[in-house]
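*Asks:* This is the structure, below, for whatever I ask next.
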Amino acid sequence: MRADFLVADLDVARAYGAFLRGEGSRPTLIAAFETGNLTGVEITTLWAILERIEWNADRHILPELLSDGEGNSWLHELPPDLVQLLAGLGEESVQEVARDWAATEELMCAPSDLLPGLNELSRLAQLAIEVKKSLFLWGAI
């Protein structure tokens, strides 16, 4: 599985997905973080943890902007309030968030495994706010 976080506008994020499917040339991204094993489910779980509330299907949803129709690839734009929460992660809070997220049924891993990714997501969220672009999750099986 592949999960890429992109700082871009919608057209560039869509072109990125097309490029990875072998259509067209690689678009110029402001920033990207390539990782794996994350879907919208894990990100919405993280969102609830950041808000310190129980996960809610009506609230914690990442609308799908692009899909291959078979569930093999997808594109989500992270909502502005989630981007703000990610951007606000500090050293102490990132440790706590990593601990709570690692303990979820979706992840079940060591918190230390999540720290580099959480720090990078926070950096990308800060950058997205600074350059007035969106933060996207592009994923594929």
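Chain lettering (A, B, ...) mirrors the order of the structure tokens, residue numbering begins at 1 for each chain separately, and ligand numbering begins at 1 in order of display.
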May I have a table of the residues of stretch 67-113 of chain A lying at most 9 Å from stretch 22-40 of chain A, giving each one's closest pair of atoms and their distance in Å to one decimal, counting only C-alpha atoms, ordered by chain and ascending residue number, as a tab-separated table?
*Replies:*
```
residue	atom	partner	partner_atom	distance
A:Trp74	CA	A:Thr39	CA	8.9
A:His76	CA	A:Gly40	CA	7.5
A:Leu107	CA	A:Leu38	CA	9.0
```
*Asks:* Can you list, as a VMD selection string, every protein, DNA or RNA residue that comes within 7 Å of stretch 90-98 of chain A when you count only C-alpha atoms, leaving out same-chain residues fewer than 5 positions away?
*Replies:* chain A and resid 49 to 50 111 114 to 115 118
*Asks:* Based on the selection just made, write N, CA, C and O atoms of those residues as a short mmCIF file (atom, residue, chain, number, x, y, z; two decimals), in the first residue's frame.
*Replies:*
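To be explicit, this is the file written out as result_39.cif:
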```
data_model
loop_
_atom_site.label_atom_id
_atom_site.label_comp_id
_atom_site.auth_asym_id
_atom_site.auth_seq_id
_atom_site.Cartn_x
_atom_site.Cartn_y
_atom_site.Cartn_z
N ILE A 49 -8.37 11.90 17.52
CA ILE A 49 -7.39 11.96 18.61
C ILE A 49 -6.90 13.40 18.80
O ILE A 49 -6.79 13.88 19.93
N LEU A 50 -6.62 14.08 17.70
CA LEU A 50 -6.16 15.47 17.79
C LEU A 50 -7.22 16.38 18.41
O LEU A 50 -6.90 17.33 19.12
N PRO A 111 4.53 3.54 19.39
CA PRO A 111 4.43 4.98 19.18
C PRO A 111 5.65 5.56 18.47
O PRO A 111 5.53 6.46 17.64
N LEU A 114 5.58 6.02 14.76
CA LEU A 114 4.74 7.08 14.20
C LEU A 114 5.34 8.48 14.30
O LEU A 114 4.91 9.39 13.60
N LEU A 115 6.32 8.65 15.17
CA LEU A 115 6.86 9.99 15.41
C LEU A 115 7.42 10.67 14.16
O LEU A 115 7.09 11.83 13.90
N LEU A 118 4.41 11.72 11.96
CA LEU A 118 3.62 12.80 12.56
C LEU A 118 4.36 14.13 12.48
O LEU A 118 3.76 15.17 12.20
#
```
*Asks:* Select, from A:Leu46, A:Ile141, A:Met1, A:Leu62, the residue with the minimum atom-to-atom distance to A:Pro80, counting only C-alpha atoms.
*Replies:*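 Looking at the shortest contact to A:Pro80, the residue is A:Leu62.
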*Asks:* Per DSSP on the backbone, what are the helix (DSSP H, G or I) residues of chain A, as a PyMOL selection string?
*Replies:* chain A and resi 10-20+40-51+80-87+91-102+111-131
*Asks:* Against stretch 133-136 of chain A, which residues of stretch 38-129 of chain A fall within 9 Å? For each one I want the closest pair of atoms and the distance in Å (one decimal), counting only C-alpha atoms, rows by chain and increasing residue number, as a Markdown table.
*Replies:*
```
| residue | atom | partner | partner_atom | distance |
| --- | --- | --- | --- | --- |
| A:Leu75 | CA | A:Phe136 | CA | 6.9 |
| A:His76 | CA | A:Phe136 | CA | 5.5 |
| A:Glu77 | CA | A:Phe136 | CA | 4.4 |
| A:Leu78 | CA | A:Leu135 | CA | 5.7 |
| A:Pro79 | CA | A:Leu135 | CA | 8.2 |
| A:Pro80 | CA | A:Ser134 | CA | 8.0 |
| A:Val83 | CA | A:Leu135 | CA | 7.2 |
| A:Leu124 | CA | A:Leu135 | CA | 7.4 |
| A:Ala125 | CA | A:Leu135 | CA | 6.6 |
| A:Leu127 | CA | A:Lys133 | CA | 8.3 |
| A:Ala128 | CA | A:Lys133 | CA | 4.9 |
| A:Ile129 | CA | A:Lys133 | CA | 6.5 |
```
*Asks:* Show me, as a PyMOL selection string, the residues that have an atom within 10 Å of A:Glu105 when counting only C-alpha atoms, minus same-chain residues fewer than 3 positions from it.
*Replies:* chain A and resi 42+45+101-102+108-109
*Asks:* Restricting the calculation to only C-alpha atoms: of A:Asp81, A:Glu130, A:Asp58, A:Ala103, which residue gets closest to A:Ala8?
*Replies:* A:Glu130
*Asks:* Identify which of the residues A:Phe19, A:Trp47, A:Trp55, A:Phe5 lies closest to A:Gly139, counting only C-alpha atoms when measuring atom-to-atom distances.
*Replies:*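 Once distances to A:Gly139 are computed over only C-alpha atoms, the minimum belongs to A:Phe5.
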*Asks:* From a backbone DSSP assignment, name each residue in stretch 48-83 of chain A labelled strand (DSSP E or B), as an MDAnalysis selection string.
*Replies:* chainID A and resid 64:67 73:77
*Asks:* Could those residues be written to a file, using all heavy atoms, as a PDB file, in the first residue's frame?
*Replies:*
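Result file follows (part-v4.pdb):
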```pdb
ATOM      1  N   GLU A  64     -13.919  11.802  -0.784  1.00  0.00           N
ATOM      2  CA  GLU A  64     -13.068  11.260  -1.838  1.00  0.00           C
ATOM      3  C   GLU A  64     -13.199  12.142  -3.072  1.00  0.00           C
ATOM      4  O   GLU A  64     -14.279  12.300  -3.621  1.00  0.00           O
ATOM      5  CB  GLU A  64     -13.467   9.819  -2.151  1.00  0.00           C
ATOM      6  CG  GLU A  64     -12.420   9.081  -2.935  1.00  0.00           C
ATOM      7  CD  GLU A  64     -12.672   7.585  -2.929  1.00  0.00           C
ATOM      8  OE1 GLU A  64     -12.309   6.938  -1.963  1.00  0.00           O
ATOM      9  OE2 GLU A  64     -13.245   7.105  -3.927  1.00  0.00           O
ATOM     10  N   LEU A  65     -12.088  12.726  -3.494  1.00  0.00           N
ATOM     11  CA  LEU A  65     -12.093  13.631  -4.642  1.00  0.00           C
ATOM     12  C   LEU A  65     -11.844  12.905  -5.951  1.00  0.00           C
ATOM     13  O   LEU A  65     -12.193  13.395  -7.011  1.00  0.00           O
ATOM     14  CB  LEU A  65     -11.015  14.703  -4.467  1.00  0.00           C
ATOM     15  CG  LEU A  65     -11.133  15.560  -3.218  1.00  0.00           C
ATOM     16  CD1 LEU A  65      -9.934  16.474  -3.091  1.00  0.00           C
ATOM     17  CD2 LEU A  65     -12.423  16.361  -3.237  1.00  0.00           C
ATOM     18  N   LEU A  66     -11.197  11.770  -5.852  1.00  0.00           N
ATOM     19  CA  LEU A  66     -10.808  11.036  -7.047  1.00  0.00           C
ATOM     20  C   LEU A  66     -10.663   9.572  -6.672  1.00  0.00           C
ATOM     21  O   LEU A  66     -10.137   9.242  -5.622  1.00  0.00           O
ATOM     22  CB  LEU A  66      -9.463  11.581  -7.547  1.00  0.00           C
ATOM     23  CG  LEU A  66      -8.921  11.056  -8.863  1.00  0.00           C
ATOM     24  CD1 LEU A  66      -9.829  11.460 -10.011  1.00  0.00           C
ATOM     25  CD2 LEU A  66      -7.525  11.597  -9.093  1.00  0.00           C
ATOM     26  N   SER A  67     -11.156   8.721  -7.528  1.00  0.00           N
ATOM     27  CA  SER A  67     -11.051   7.289  -7.293  1.00  0.00           C
ATOM     28  C   SER A  67     -10.908   6.607  -8.643  1.00  0.00           C
ATOM     29  O   SER A  67     -11.378   7.113  -9.656  1.00  0.00           O
ATOM     30  CB  SER A  67     -12.307   6.774  -6.585  1.00  0.00           C
ATOM     31  OG  SER A  67     -12.312   5.375  -6.516  1.00  0.00           O
ATOM     32  N   SER A  73      -7.150   3.143  -5.811  1.00  0.00           N
ATOM     33  CA  SER A  73      -6.469   4.409  -5.563  1.00  0.00           C
ATOM     34  C   SER A  73      -7.517   5.467  -5.224  1.00  0.00           C
ATOM     35  O   SER A  73      -8.677   5.339  -5.595  1.00  0.00           O
ATOM     36  CB  SER A  73      -5.616   4.839  -6.759  1.00  0.00           C
ATOM     37  OG  SER A  73      -6.418   5.165  -7.860  1.00  0.00           O
ATOM     38  N   TRP A  74      -7.074   6.503  -4.510  1.00  0.00           N
ATOM     39  CA  TRP A  74      -7.988   7.521  -4.033  1.00  0.00           C
ATOM     40  C   TRP A  74      -7.240   8.817  -3.775  1.00  0.00           C
ATOM     41  O   TRP A  74      -6.013   8.833  -3.672  1.00  0.00           O
ATOM     42  CB  TRP A  74      -8.699   7.060  -2.762  1.00  0.00           C
ATOM     43  CG  TRP A  74      -7.727   6.609  -1.706  1.00  0.00           C
ATOM     44  CD1 TRP A  74      -7.135   7.385  -0.747  1.00  0.00           C
ATOM     45  CD2 TRP A  74      -7.199   5.289  -1.522  1.00  0.00           C
ATOM     46  NE1 TRP A  74      -6.273   6.629   0.014  1.00  0.00           N
ATOM     47  CE2 TRP A  74      -6.302   5.328  -0.438  1.00  0.00           C
ATOM     48  CE3 TRP A  74      -7.404   4.069  -2.178  1.00  0.00           C
ATOM     49  CZ2 TRP A  74      -5.609   4.224   0.008  1.00  0.00           C
ATOM     50  CZ3 TRP A  74      -6.706   2.948  -1.724  1.00  0.00           C
ATOM     51  CH2 TRP A  74      -5.832   3.028  -0.650  1.00  0.00           C
ATOM     52  N   LEU A  75      -7.996   9.894  -3.660  1.00  0.00           N
ATOM     53  CA  LEU A  75      -7.440  11.201  -3.334  1.00  0.00           C
ATOM     54  C   LEU A  75      -8.388  11.887  -2.363  1.00  0.00           C
ATOM     55  O   LEU A  75      -9.584  11.977  -2.628  1.00  0.00           O
ATOM     56  CB  LEU A  75      -7.277  12.059  -4.599  1.00  0.00           C
ATOM     57  CG  LEU A  75      -6.755  13.480  -4.393  1.00  0.00           C
ATOM     58  CD1 LEU A  75      -5.300  13.461  -3.920  1.00  0.00           C
ATOM     59  CD2 LEU A  75      -6.893  14.289  -5.681  1.00  0.00           C
ATOM     60  N   HIS A  76      -7.844  12.339  -1.242  1.00  0.00           N
ATOM     61  CA  HIS A  76      -8.613  13.060  -0.228  1.00  0.00           C
ATOM     62  C   HIS A  76      -7.936  14.401   0.042  1.00  0.00           C
ATOM     63  O   HIS A  76      -6.711  14.470   0.103  1.00  0.00           O
ATOM     64  CB  HIS A  76      -8.653  12.306   1.107  1.00  0.00           C
ATOM     65  CG  HIS A  76      -9.262  10.956   1.043  1.00  0.00           C
ATOM     66  ND1 HIS A  76     -10.603  10.741   0.887  1.00  0.00           N
ATOM     67  CD2 HIS A  76      -8.694   9.724   1.138  1.00  0.00           C
ATOM     68  CE1 HIS A  76     -10.847   9.429   0.894  1.00  0.00           C
ATOM     69  NE2 HIS A  76      -9.700   8.803   1.037  1.00  0.00           N
ATOM     70  N   GLU A  77      -8.749  15.446   0.242  1.00  0.00           N
ATOM     71  CA  GLU A  77      -8.229  16.716   0.718  1.00  0.00           C
ATOM     72  C   GLU A  77      -8.490  16.785   2.213  1.00  0.00           C
ATOM     73  O   GLU A  77      -9.629  16.609   2.659  1.00  0.00           O
ATOM     74  CB  GLU A  77      -8.927  17.877   0.012  1.00  0.00           C
ATOM     75  CG  GLU A  77      -8.391  19.225   0.421  1.00  0.00           C
ATOM     76  CD  GLU A  77      -9.022  20.369  -0.369  1.00  0.00           C
ATOM     77  OE1 GLU A  77      -9.989  20.134  -1.115  1.00  0.00           O
ATOM     78  OE2 GLU A  77      -8.536  21.503  -0.220  1.00  0.00           O
TER      79      GLU A  77
END
```
*Asks:* Could you tell me how far atom CA of A:Ala18 lies from atom CA of A:Ala57, in Å and to one decimal?
*Replies:*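 Separation of atom CA of A:Ala18 and atom CA of A:Ala57: 29.0 Å.
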*Asks:* Could you work out how far atom CA of A:Leu82 lies from atom CA of A:Arg59, giving the answer in Å with one decimal?
*Replies:*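 Interatomic distance, atom CA of A:Arg59 to atom CA of A:Leu82: 11.3 Å.
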*Asks:* Report, in Å with one decimal, the straight-line distance from atom CA of A:Gly117 to atom CA of A:Trp138.
*Replies:*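 Atom-to-atom, atom CA of A:Gly117 and atom CA of A:Trp138 are spaced 15.2 Å apart.
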*Asks:* Which one is closest to A:Ala87: A:Arg21, A:Arg123, A:Lys132, A:Arg2? Count only C-alpha atoms.
*Replies:* A:Arg123
